[in-house]
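Novice: What follows is a single structure, and I will ask about it in a moment.
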Amino acid sequence: MIMLYFSGTGNSKYIANLFTQKIDGECYSIEEQIDFEKAIQKHDTIAFCYPIYASCIPRIMREFVTKYVEKLKDKKLIIFCTQLMFSGDGARVFTDLLPDGYGEVIYAEHFNMPNNICNTKLFKIKNGEQINKYLKEADKKMNRVCDDLKQGKVKKRGFNKFSNFLGKSQSGHWPQIEEKNRSSVKVDDDCINCNLCVKICPMKNLTSSDDGIIQNNNCIICYRCVNACPKKAITVLINKKPKKQYKGIG
């Protein structure tokens with residue numbers, strides 16, 4: 001079994017690693033430079049983990065799955081998504097990326113994780129011991145997931161009609177928001193040109209120039225740069241300077 005994940009600020013990475021530690025499997029970020037075609041080909045079961053944005057899969061994961069979809073045709077699939085509160089059908093929407101008859105979902109689960117949207121008053125940022133409750137609940141749920149898999153139980157969180165309805169109540173406008181905000185990156189005068197944001201952007205959306213940081217209209221709103229900037233000088237989506245950044249897990 002192999003786990004393939006995308007994580008903006010560490011939550012999905014935590015869940016992906018937690019799972020593979022418990023089952024002694026392989027785990028890779030889709031940002032890594034490996035032969036994914038070969039890696040997928042040699043395993044019967046492929047697990048995916050990603051954060052869910054308004055009941056939609058991040059574009060980087062959608063593009064990854066589209067690239068390797070032919071290799072998933074006869075595979076068994078395990079789908080995990082991380083969410084702030086609820087996503088409805090956050091795991092089920094993965095199947096929308098697959099042609100009919102491709103992949104057999106043997107398990108799907110949602111994990112509540114800490115908020116990383118750091119420049120809005122709507123959700124609070126928690127760090128350190130404040131996030132222990134999330135980690136304990138995630139570990140408890142993951143133990144149950146692994147026990148179910150060992151017993152051959154098939155469970156699919158988010159695959160019923162009500163979950164589909166809840167998902168659509170959020171996802172209807174997200175594609176337009178996502179597209180509009182491909183160019184939403186703003187850098188203020190506090191920037192010290194350390195180029196950290198350039199180095200860590202999963203989409204290589206940022207470049208450094210004599211005039212400062214330039215964005216290349218390819219942002220996926222993962223909030224990695226916003227939470228990592230040492231001067232809180234960069235924002236996406238909501239162009240308001242954060243007072244407190246999410247520091248992630250571990």
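Letters for chains follow the order of the structure tokens (A, B, ...), residue numbers begin at 1 for each chain, and ligand numbers begin at 1 in the order shown.
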Compile the contact shell of segment 194-202 of chain A as a list in words: residues with an atom at most 7 Å away, counting only C-alpha atoms, same-chain residues fewer than 5 positions apart removed.

Specialist: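 Close residues of segment 194-202 of chain A: Glu31, Thr207, Ser208, Cys225 and Cys229 of chain A.
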
Novice: Print the selection's residues with all heavy atoms to a file, as a compact mmCIF listing (two decimals), in the first residue's frame.

Specialist:
# COMPACT_ATOMS: atom_id res chain seq x y z
N GLU A 31 4.42 16.47 -4.15
CA GLU A 31 5.41 17.47 -4.56
C GLU A 31 6.81 16.87 -4.72
O GLU A 31 7.70 17.52 -5.26
CB GLU A 31 5.47 18.59 -3.52
CG GLU A 31 4.19 19.40 -3.38
CD GLU A 31 4.29 20.41 -2.27
OE1 GLU A 31 5.19 21.27 -2.33
OE2 GLU A 31 3.48 20.34 -1.33
N THR A 207 8.22 34.19 -7.78
CA THR A 207 9.60 34.40 -8.18
C THR A 207 10.11 35.70 -7.56
O THR A 207 9.33 36.60 -7.25
CB THR A 207 9.74 34.47 -9.72
OG1 THR A 207 8.84 35.47 -10.23
CG2 THR A 207 9.43 33.14 -10.36
N SER A 208 11.43 35.76 -7.40
CA SER A 208 12.05 36.94 -6.81
C SER A 208 12.64 37.82 -7.91
O SER A 208 13.21 37.33 -8.87
CB SER A 208 13.15 36.51 -5.84
OG SER A 208 13.76 37.63 -5.23
N CYS A 225 2.50 29.99 2.32
CA CYS A 225 3.36 31.18 2.39
C CYS A 225 2.87 32.16 3.44
O CYS A 225 3.67 32.80 4.15
CB CYS A 225 3.45 31.85 1.02
SG CYS A 225 1.87 32.46 0.37
N CYS A 229 5.67 33.16 6.38
CA CYS A 229 6.41 34.41 6.20
C CYS A 229 6.86 34.98 7.55
O CYS A 229 6.03 35.25 8.43
CB CYS A 229 5.55 35.44 5.48
SG CYS A 229 6.39 37.05 5.27

Novice: As a PyMOL selection string, please: the residues near Lys231 of chain A (cut-off 12 Å, only C-alpha atoms, same-chain neighbours under 3 positions excluded).

Specialist: chain A and resi 187-197+225-228+234-235+241-245

Novice: Among the residues of segment 57-157 of chain A, find those DSSP assigns to helix (DSSP H, G or I) from the backbone and print them as an MDAnalysis selection string.

Specialist: chainID A and resid 59:72 92:97 128:150

Novice: So, counting only C-alpha atoms, which residue among A:Leu18, A:Ile2, A:Ile60, A:Ile106 is closest to Ile40 of chain A?

Specialist: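 Of the candidates, the smallest distance to Ile40 of chain A is held by A:Ile2.
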
Novice: Measuring between only C-alpha atoms, which one of A:Phe159, A:Phe48, A:Trp174, A:Tyr134 shows the shortest distance to Ile79 of chain A?

Specialist: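 Nearest candidate to Ile79 of chain A out of A:Phe159, A:Phe48, A:Trp174, A:Tyr134: A:Phe48.
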
Novice: Under the rule of at most 12 Å, produce a per-residue listing of segment 106-223 of chain A near segment 61-64 of chain A: chain, number, name, the closest pair of atoms, and the distance in Å, as a Markdown table, using only C-alpha atoms.

Specialist:
| residue | atom | partner | partner_atom | distance |
| --- | --- | --- | --- | --- |
| A:Pro202 | CA | A:Met61 | CA | 10.9 |
| A:Met203 | CA | A:Met61 | CA | 11.1 |
| A:Ile220 | CA | A:Met61 | CA | 10.4 |
| A:Cys222 | CA | A:Met61 | CA | 11.7 |

Novice: Considering only C-alpha atoms, return as a PyMOL selection string whatever protein or nucleic-acid residues lie within 10 Å of segment 69-72 of chain A, sequence-local ones (same chain, fewer than 5 positions apart) excluded.

Specialist: chain A and resi 36-42+44-46+63-64+77+97-99+102-104

Novice: Just to be explicit: take each residue in the selection above, keep N, CA and C atoms, and write the result as a PDB file, in the first residue's frame.

Specialist:
ATOM      1  N   PHE A  36       6.338   8.543  -9.901  1.00  0.00           N
ATOM      2  CA  PHE A  36       5.016   8.204  -9.377  1.00  0.00           C
ATOM      3  C   PHE A  36       4.338   7.121 -10.208  1.00  0.00           C
ATOM      4  N   GLU A  37       4.562   7.120 -11.492  1.00  0.00           N
ATOM      5  CA  GLU A  37       3.958   6.096 -12.341  1.00  0.00           C
ATOM      6  C   GLU A  37       4.396   4.708 -11.900  1.00  0.00           C
ATOM      7  N   LYS A  38       5.673   4.561 -11.644  1.00  0.00           N
ATOM      8  CA  LYS A  38       6.216   3.278 -11.193  1.00  0.00           C
ATOM      9  C   LYS A  38       5.727   2.944  -9.789  1.00  0.00           C
ATOM     10  N   ALA A  39       5.694   3.957  -8.912  1.00  0.00           N
ATOM     11  CA  ALA A  39       5.264   3.746  -7.530  1.00  0.00           C
ATOM     12  C   ALA A  39       3.815   3.287  -7.464  1.00  0.00           C
ATOM     13  N   ILE A  40       2.942   3.893  -8.262  1.00  0.00           N
ATOM     14  CA  ILE A  40       1.529   3.505  -8.281  1.00  0.00           C
ATOM     15  C   ILE A  40       1.360   2.110  -8.882  1.00  0.00           C
ATOM     16  N   GLN A  41       2.126   1.856  -9.905  1.00  0.00           N
ATOM     17  CA  GLN A  41       2.000   0.598 -10.638  1.00  0.00           C
ATOM     18  C   GLN A  41       2.288  -0.615  -9.757  1.00  0.00           C
ATOM     19  N   LYS A  42       3.237  -0.478  -8.835  1.00  0.00           N
ATOM     20  CA  LYS A  42       3.669  -1.651  -8.065  1.00  0.00           C
ATOM     21  C   LYS A  42       2.822  -1.932  -6.820  1.00  0.00           C
ATOM     22  N   ASP A  44      -1.121  -2.480  -5.054  1.00  0.00           N
ATOM     23  CA  ASP A  44      -2.521  -2.826  -5.337  1.00  0.00           C
ATOM     24  C   ASP A  44      -3.492  -1.789  -4.753  1.00  0.00           C
ATOM     25  N   THR A  45      -3.099  -1.208  -3.624  1.00  0.00           N
ATOM     26  CA  THR A  45      -3.964  -0.243  -2.941  1.00  0.00           C
ATOM     27  C   THR A  45      -3.252   1.100  -2.864  1.00  0.00           C
ATOM     28  N   ILE A  46      -3.956   2.155  -3.287  1.00  0.00           N
ATOM     29  CA  ILE A  46      -3.406   3.500  -3.268  1.00  0.00           C
ATOM     30  C   ILE A  46      -4.258   4.357  -2.340  1.00  0.00           C
ATOM     31  N   GLU A  63      -4.850  17.952 -10.542  1.00  0.00           N
ATOM     32  CA  GLU A  63      -3.938  17.844 -11.682  1.00  0.00           C
ATOM     33  C   GLU A  63      -3.073  16.586 -11.575  1.00  0.00           C
ATOM     34  N   PHE A  64      -2.676  16.234 -10.362  1.00  0.00           N
ATOM     35  CA  PHE A  64      -1.885  15.018 -10.150  1.00  0.00           C
ATOM     36  C   PHE A  64      -2.682  13.776 -10.527  1.00  0.00           C
ATOM     37  N   LEU A  77      -8.777   1.911  -3.626  1.00  0.00           N
ATOM     38  CA  LEU A  77      -8.483   3.266  -3.190  1.00  0.00           C
ATOM     39  C   LEU A  77      -8.951   3.525  -1.761  1.00  0.00           C
ATOM     40  N   LEU A  97     -13.051  12.626 -10.148  1.00  0.00           N
ATOM     41  CA  LEU A  97     -11.864  12.765 -10.987  1.00  0.00           C
ATOM     42  C   LEU A  97     -11.586  11.512 -11.815  1.00  0.00           C
ATOM     43  N   LEU A  98     -12.322  10.447 -11.526  1.00  0.00           N
ATOM     44  CA  LEU A  98     -12.060   9.154 -12.160  1.00  0.00           C
ATOM     45  C   LEU A  98     -13.119   8.819 -13.206  1.00  0.00           C
ATOM     46  N   PRO A  99     -12.706   8.263 -14.336  1.00  0.00           N
ATOM     47  CA  PRO A  99     -13.691   7.773 -15.309  1.00  0.00           C
ATOM     48  C   PRO A  99     -14.514   6.640 -14.705  1.00  0.00           C
ATOM     49  N   TYR A 102     -13.243   3.171 -12.918  1.00  0.00           N
ATOM     50  CA  TYR A 102     -11.851   3.310 -12.478  1.00  0.00           C
ATOM     51  C   TYR A 102     -11.779   3.351 -10.954  1.00  0.00           C
ATOM     52  N   GLY A 103     -10.966   2.491 -10.381  1.00  0.00           N
ATOM     53  CA  GLY A 103     -10.730   2.511  -8.947  1.00  0.00           C
ATOM     54  C   GLY A 103     -11.901   1.983  -8.134  1.00  0.00           C
ATOM     55  N   GLU A 104     -11.578   1.241  -7.083  1.00  0.00           N
ATOM     56  CA  GLU A 104     -12.586   0.720  -6.158  1.00  0.00           C
ATOM     57  C   GLU A 104     -12.303   1.315  -4.776  1.00  0.00           C
TER      58      GLU A 104
END

Novice: Select, from A:Lys150, A:His110, A:His43, A:Leu206, the residue with the minimum atom-to-atom distance to Lys76 of chain A, counting only C-alpha atoms.

Specialist: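 Ranking A:Lys150, A:His110, A:His43, A:Leu206 by distance to Lys76 of chain A, first place goes to A:His43.
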
Novice: Identify, on the basis of only C-alpha atoms, every residue whose closest approach to segment 181-184 of chain A does not exceed 12 Å; exclude the query and any residue fewer than 2 positions from it along the same chain; express the result as an mmCIF file with all heavy atoms, in the first residue's frame.

Specialist:
data_model
loop_
_atom_site.group_PDB
_atom_site.id
_atom_site.type_symbol
_atom_site.label_atom_id
_atom_site.label_comp_id
_atom_site.auth_asym_id
_atom_site.auth_seq_id
_atom_site.Cartn_x
_atom_site.Cartn_y
_atom_site.Cartn_z
ATOM 1 N N ARG A 59 -6.454 22.150 -6.449
ATOM 2 C CA ARG A 59 -6.113 21.993 -7.864
ATOM 3 C C ARG A 59 -4.849 21.157 -8.072
ATOM 4 O O ARG A 59 -4.766 20.380 -9.020
ATOM 5 C CB ARG A 59 -5.965 23.361 -8.531
ATOM 6 C CG ARG A 59 -5.586 23.301 -10.006
ATOM 7 C CD ARG A 59 -5.886 24.613 -10.712
ATOM 8 N NE ARG A 59 -5.283 25.760 -10.044
ATOM 9 C CZ ARG A 59 -4.034 26.186 -10.276
ATOM 10 N NH1 ARG A 59 -3.261 25.551 -11.134
ATOM 11 N NH2 ARG A 59 -3.573 27.245 -9.646
ATOM 12 N N TRP A 174 -17.116 27.669 -5.335
ATOM 13 C CA TRP A 174 -15.664 27.593 -5.142
ATOM 14 C C TRP A 174 -14.844 27.620 -6.436
ATOM 15 O O TRP A 174 -13.798 28.285 -6.475
ATOM 16 C CB TRP A 174 -15.281 26.375 -4.317
ATOM 17 C CG TRP A 174 -13.812 26.356 -4.023
ATOM 18 C CD1 TRP A 174 -12.864 25.554 -4.570
ATOM 19 C CD2 TRP A 174 -13.104 27.228 -3.124
ATOM 20 N NE1 TRP A 174 -11.618 25.847 -4.073
ATOM 21 C CE2 TRP A 174 -11.749 26.886 -3.191
ATOM 22 C CE3 TRP A 174 -13.504 28.284 -2.288
ATOM 23 C CZ2 TRP A 174 -10.776 27.536 -2.434
ATOM 24 C CZ3 TRP A 174 -12.535 28.929 -1.538
ATOM 25 C CH2 TRP A 174 -11.197 28.558 -1.622
ATOM 26 N N PRO A 175 -15.243 26.936 -7.493
ATOM 27 C CA PRO A 175 -14.433 26.992 -8.726
ATOM 28 C C PRO A 175 -14.184 28.412 -9.218
ATOM 29 O O PRO A 175 -13.077 28.743 -9.651
ATOM 30 C CB PRO A 175 -15.270 26.195 -9.731
ATOM 31 C CG PRO A 175 -16.018 25.217 -8.888
ATOM 32 C CD PRO A 175 -16.367 25.975 -7.639
ATOM 33 N N GLN A 176 -15.206 29.280 -9.123
ATOM 34 C CA GLN A 176 -15.033 30.670 -9.535
ATOM 35 C C GLN A 176 -14.102 31.418 -8.582
ATOM 36 O O GLN A 176 -13.261 32.221 -9.021
ATOM 37 C CB GLN A 176 -16.390 31.379 -9.594
ATOM 38 C CG GLN A 176 -17.319 30.863 -10.689
ATOM 39 C CD GLN A 176 -18.183 29.701 -10.217
ATOM 40 O OE1 GLN A 176 -17.925 29.100 -9.184
ATOM 41 N NE2 GLN A 176 -19.215 29.400 -10.990
ATOM 42 N N ILE A 177 -14.239 31.141 -7.277
ATOM 43 C CA ILE A 177 -13.362 31.777 -6.287
ATOM 44 C C ILE A 177 -11.924 31.320 -6.504
ATOM 45 O O ILE A 177 -10.979 32.120 -6.471
ATOM 46 C CB ILE A 177 -13.832 31.430 -4.857
ATOM 47 C CG1 ILE A 177 -15.205 32.057 -4.586
ATOM 48 C CG2 ILE A 177 -12.808 31.887 -3.820
ATOM 49 C CD1 ILE A 177 -15.838 31.622 -3.285
ATOM 50 N N GLU A 178 -11.760 30.035 -6.726
ATOM 51 C CA GLU A 178 -10.433 29.472 -6.962
ATOM 52 C C GLU A 178 -9.772 30.103 -8.187
ATOM 53 O O GLU A 178 -8.602 30.504 -8.141
ATOM 54 C CB GLU A 178 -10.550 27.960 -7.161
ATOM 55 C CG GLU A 178 -9.236 27.250 -7.416
ATOM 56 C CD GLU A 178 -9.446 25.785 -7.731
ATOM 57 O OE1 GLU A 178 -10.143 25.486 -8.730
ATOM 58 O OE2 GLU A 178 -8.922 24.943 -6.992
ATOM 59 N N GLU A 179 -10.513 30.209 -9.259
ATOM 60 C CA GLU A 179 -9.966 30.768 -10.499
ATOM 61 C C GLU A 179 -9.632 32.250 -10.321
ATOM 62 O O GLU A 179 -8.557 32.712 -10.744
ATOM 63 C CB GLU A 179 -10.971 30.583 -11.636
ATOM 64 C CG GLU A 179 -10.461 31.025 -12.996
ATOM 65 C CD GLU A 179 -9.275 30.226 -13.488
ATOM 66 O OE1 GLU A 179 -9.091 29.066 -13.055
ATOM 67 O OE2 GLU A 179 -8.500 30.758 -14.302
ATOM 68 N N LYS A 186 -0.587 39.008 -2.483
ATOM 69 C CA LYS A 186 -0.148 40.383 -2.246
ATOM 70 C C LYS A 186 1.020 40.370 -1.259
ATOM 71 O O LYS A 186 0.999 39.630 -0.273
ATOM 72 C CB LYS A 186 -1.281 41.236 -1.653
ATOM 73 C CG LYS A 186 -2.550 41.284 -2.503
ATOM 74 C CD LYS A 186 -2.344 42.014 -3.814
ATOM 75 C CE LYS A 186 -3.648 42.077 -4.610
ATOM 76 N NZ LYS A 186 -3.461 42.658 -5.948
ATOM 77 N N VAL A 187 2.033 41.172 -1.539
ATOM 78 C CA VAL A 187 3.197 41.281 -0.655
ATOM 79 C C VAL A 187 3.355 42.737 -0.251
ATOM 80 O O VAL A 187 3.425 43.619 -1.114
ATOM 81 C CB VAL A 187 4.472 40.783 -1.359
ATOM 82 C CG1 VAL A 187 5.665 40.864 -0.408
ATOM 83 C CG2 VAL A 187 4.293 39.356 -1.869
ATOM 84 N N MET A 203 3.262 25.377 -6.050
ATOM 85 C CA MET A 203 2.953 25.590 -7.460
ATOM 86 C C MET A 203 4.034 26.385 -8.195
ATOM 87 O O MET A 203 3.873 26.714 -9.364
ATOM 88 C CB MET A 203 1.613 26.322 -7.598
ATOM 89 C CG MET A 203 0.434 25.597 -6.985
ATOM 90 S SD MET A 203 0.170 23.945 -7.673
ATOM 91 C CE MET A 203 -0.388 24.345 -9.329
ATOM 92 N N ASN A 205 4.659 29.341 -7.894
ATOM 93 C CA ASN A 205 3.911 30.513 -8.336
ATOM 94 C C ASN A 205 4.660 31.823 -8.098
ATOM 95 O O ASN A 205 4.328 32.841 -8.684
ATOM 96 C CB ASN A 205 2.564 30.561 -7.598
ATOM 97 C CG ASN A 205 1.712 31.760 -7.976
ATOM 98 O OD1 ASN A 205 1.533 32.048 -9.145
ATOM 99 N ND2 ASN A 205 1.190 32.470 -6.979
ATOM 100 N N LEU A 206 5.670 31.783 -7.234
ATOM 101 C CA LEU A 206 6.346 33.010 -6.837
ATOM 102 C C LEU A 206 7.786 33.047 -7.323
ATOM 103 O O LEU A 206 8.496 32.037 -7.275
ATOM 104 C CB LEU A 206 6.307 33.150 -5.308
ATOM 105 C CG LEU A 206 4.909 33.074 -4.676
ATOM 106 C CD1 LEU A 206 5.016 33.020 -3.163
ATOM 107 C CD2 LEU A 206 4.055 34.250 -5.120
ATOM 108 N N ILE A 214 7.231 38.404 -7.155
ATOM 109 C CA ILE A 214 6.256 38.477 -8.248
ATOM 110 C C ILE A 214 5.452 37.185 -8.269
ATOM 111 O O ILE A 214 6.002 36.082 -8.175
ATOM 112 C CB ILE A 214 6.962 38.666 -9.603
ATOM 113 C CG1 ILE A 214 7.721 39.990 -9.622
ATOM 114 C CG2 ILE A 214 5.959 38.619 -10.752
ATOM 115 C CD1 ILE A 214 8.564 40.194 -10.865
ATOM 116 N N GLN A 215 4.133 37.306 -8.375
ATOM 117 C CA GLN A 215 3.289 36.111 -8.480
ATOM 118 C C GLN A 215 2.946 35.869 -9.947
ATOM 119 O O GLN A 215 2.830 36.797 -10.734
ATOM 120 C CB GLN A 215 2.037 36.253 -7.613
ATOM 121 C CG GLN A 215 1.144 37.426 -7.939
ATOM 122 C CD GLN A 215 0.102 37.117 -8.985
ATOM 123 O OE1 GLN A 215 -0.206 35.966 -9.235
ATOM 124 N NE2 GLN A 215 -0.423 38.156 -9.603
ATOM 125 N N ASN A 216 2.777 34.594 -10.288
ATOM 126 C CA ASN A 216 2.622 34.188 -11.684
ATOM 127 C C ASN A 216 1.252 33.585 -11.995
ATOM 128 O O ASN A 216 1.130 32.684 -12.830
ATOM 129 C CB ASN A 216 3.733 33.194 -12.049
ATOM 130 C CG ASN A 216 5.113 33.802 -11.873
ATOM 131 O OD1 ASN A 216 5.460 34.775 -12.529
ATOM 132 N ND2 ASN A 216 5.900 33.247 -10.963
ATOM 133 N N ASN A 217 0.243 34.061 -11.281
ATOM 134 C CA ASN A 217 -1.156 33.667 -11.552
ATOM 135 C C ASN A 217 -1.396 32.160 -11.454
ATOM 136 O O ASN A 217 -2.133 31.588 -12.247
ATOM 137 C CB ASN A 217 -1.591 34.173 -12.938
ATOM 138 C CG ASN A 217 -1.441 35.673 -13.079
ATOM 139 O OD1 ASN A 217 -1.793 36.425 -12.170
ATOM 140 N ND2 ASN A 217 -0.912 36.118 -14.200
ATOM 141 N N ASN A 218 -0.786 31.534 -10.453
ATOM 142 C CA ASN A 218 -0.955 30.090 -10.303
ATOM 143 C C ASN A 218 -1.186 29.689 -8.846
ATOM 144 O O ASN A 218 -0.918 28.559 -8.465
ATOM 145 C CB ASN A 218 0.274 29.356 -10.857
ATOM 146 C CG ASN A 218 -0.030 27.914 -11.211
ATOM 147 O OD1 ASN A 218 -1.161 27.567 -11.561
ATOM 148 N ND2 ASN A 218 0.971 27.061 -11.122
ATOM 149 N N CYS A 219 -1.695 30.609 -8.027
ATOM 150 C CA CYS A 219 -1.927 30.333 -6.610
ATOM 151 C C CYS A 219 -3.082 29.343 -6.420
ATOM 152 O O CYS A 219 -4.093 29.414 -7.128
ATOM 153 C CB CYS A 219 -2.250 31.637 -5.879
ATOM 154 S SG CYS A 219 -2.557 31.441 -4.109
ATOM 155 N N ILE A 220 -2.924 28.425 -5.461
ATOM 156 C CA ILE A 220 -4.007 27.482 -5.148
ATOM 157 C C ILE A 220 -4.589 27.750 -3.753
ATOM 158 O O ILE A 220 -5.338 26.939 -3.224
ATOM 159 C CB ILE A 220 -3.549 26.019 -5.262
ATOM 160 C CG1 ILE A 220 -2.362 25.748 -4.330
ATOM 161 C CG2 ILE A 220 -3.225 25.659 -6.700
ATOM 162 C CD1 ILE A 220 -2.027 24.265 -4.190
ATOM 163 N N ILE A 221 -4.213 28.866 -3.147
ATOM 164 C CA ILE A 221 -4.775 29.311 -1.861
ATOM 165 C C ILE A 221 -4.520 28.295 -0.744
ATOM 166 O O ILE A 221 -5.398 28.028 0.074
ATOM 167 C CB ILE A 221 -6.283 29.609 -1.972
ATOM 168 C CG1 ILE A 221 -6.653 30.167 -3.343
ATOM 169 C CG2 ILE A 221 -6.715 30.619 -0.919
ATOM 170 C CD1 ILE A 221 -8.138 30.357 -3.568
ATOM 171 N N CYS A 222 -3.331 27.728 -0.711
ATOM 172 C CA CYS A 222 -3.023 26.723 0.319
ATOM 173 C C CYS A 222 -2.593 27.355 1.637
ATOM 174 O O CYS A 222 -2.513 26.669 2.658
ATOM 175 C CB CYS A 222 -1.952 25.763 -0.174
ATOM 176 S SG CYS A 222 -0.283 26.464 -0.278
ATOM 177 N N TYR A 223 -2.279 28.639 1.631
ATOM 178 C CA TYR A 223 -1.915 29.407 2.819
ATOM 179 C C TYR A 223 -0.547 29.030 3.399
ATOM 180 O O TYR A 223 -0.196 29.435 4.507
ATOM 181 C CB TYR A 223 -2.991 29.297 3.908
ATOM 182 C CG TYR A 223 -3.989 30.436 3.855
ATOM 183 C CD1 TYR A 223 -4.998 30.449 2.898
ATOM 184 C CD2 TYR A 223 -3.908 31.498 4.746
ATOM 185 C CE1 TYR A 223 -5.899 31.499 2.831
ATOM 186 C CE2 TYR A 223 -4.807 32.550 4.692
ATOM 187 C CZ TYR A 223 -5.806 32.552 3.730
ATOM 188 O OH TYR A 223 -6.694 33.584 3.668
ATOM 189 N N VAL A 226 1.551 32.312 3.565
ATOM 190 C CA VAL A 226 0.979 33.274 4.518
ATOM 191 C C VAL A 226 1.362 32.905 5.949
ATOM 192 O O VAL A 226 1.693 33.769 6.770
ATOM 193 C CB VAL A 226 -0.558 33.340 4.381
ATOM 194 C CG1 VAL A 226 -1.133 34.408 5.305
ATOM 195 C CG2 VAL A 226 -0.962 33.613 2.944
ATOM 196 N N ILE A 234 2.945 38.569 3.451
ATOM 197 C CA ILE A 234 2.281 38.027 2.262
ATOM 198 C C ILE A 234 0.885 37.525 2.605
ATOM 199 O O ILE A 234 0.657 36.958 3.675
ATOM 200 C CB ILE A 234 3.143 36.904 1.624
ATOM 201 C CG1 ILE A 234 2.611 36.510 0.242
ATOM 202 C CG2 ILE A 234 3.267 35.705 2.539
ATOM 203 C CD1 ILE A 234 3.590 35.654 -0.560
ATOM 204 N N THR A 235 -0.064 37.760 1.713
ATOM 205 C CA THR A 235 -1.433 37.298 1.912
ATOM 206 C C THR A 235 -1.980 36.715 0.620
ATOM 207 O O THR A 235 -1.513 37.022 -0.479
ATOM 208 C CB THR A 235 -2.362 38.442 2.366
ATOM 209 O OG1 THR A 235 -2.333 39.490 1.386
ATOM 210 C CG2 THR A 235 -1.930 38.992 3.709
ATOM 211 N N VAL A 236 -2.986 35.868 0.763
ATOM 212 C CA VAL A 236 -3.733 35.336 -0.382
ATOM 213 C C VAL A 236 -5.213 35.344 -0.017
ATOM 214 O O VAL A 236 -5.569 35.384 1.159
ATOM 215 C CB VAL A 236 -3.305 33.895 -0.748
ATOM 216 C CG1 VAL A 236 -1.825 33.845 -1.106
ATOM 217 C CG2 VAL A 236 -3.616 32.915 0.380
ATOM 218 N N LEU A 237 -6.059 35.323 -1.014
ATOM 219 C CA LEU A 237 -7.515 35.255 -0.841
ATOM 220 C C LEU A 237 -8.059 36.456 -0.068
ATOM 221 O O LEU A 237 -8.741 37.311 -0.619
ATOM 222 C CB LEU A 237 -7.927 33.949 -0.151
ATOM 223 C CG LEU A 237 -9.426 33.688 0.001
ATOM 224 C CD1 LEU A 237 -10.096 33.593 -1.358
ATOM 225 C CD2 LEU A 237 -9.680 32.428 0.814
ATOM 226 N N ILE A 238 -7.764 36.503 1.224
ATOM 227 C CA ILE A 238 -8.176 37.634 2.062
ATOM 228 C C ILE A 238 -6.944 38.499 2.276
ATOM 229 O O ILE A 238 -6.020 38.100 2.986
ATOM 230 C CB ILE A 238 -8.723 37.142 3.419
ATOM 231 C CG1 ILE A 238 -9.887 36.179 3.205
ATOM 232 C CG2 ILE A 238 -9.157 38.322 4.288
ATOM 233 C CD1 ILE A 238 -10.266 35.392 4.437
ATOM 234 N N ASN A 239 -6.905 39.624 1.646
ATOM 235 C CA ASN A 239 -5.692 40.437 1.702
ATOM 236 C C ASN A 239 -5.661 41.335 2.937
ATOM 237 O O ASN A 239 -5.682 42.558 2.870
ATOM 238 C CB ASN A 239 -5.545 41.249 0.422
ATOM 239 C CG ASN A 239 -5.321 40.359 -0.792
ATOM 240 O OD1 ASN A 239 -6.058 40.416 -1.756
ATOM 241 N ND2 ASN A 239 -4.304 39.511 -0.721
ATOM 242 N N LYS A 240 -5.607 40.671 4.078
ATOM 243 C CA LYS A 240 -5.507 41.330 5.365
ATOM 244 C C LYS A 240 -4.345 40.723 6.126
ATOM 245 O O LYS A 240 -4.235 39.502 6.225
ATOM 246 C CB LYS A 240 -6.810 41.161 6.158
ATOM 247 C CG LYS A 240 -6.813 41.858 7.506
ATOM 248 C CD LYS A 240 -8.153 41.647 8.203
ATOM 249 C CE LYS A 240 -8.158 42.330 9.574
ATOM 250 N NZ LYS A 240 -9.436 42.109 10.277
#

Novice: Which residue, A:Leu4, A:Ile52, A:Leu149, A:Ala47, has the smallest gap to Ile34 of chain A when you use only C-alpha atoms?

Specialist: A:Leu4
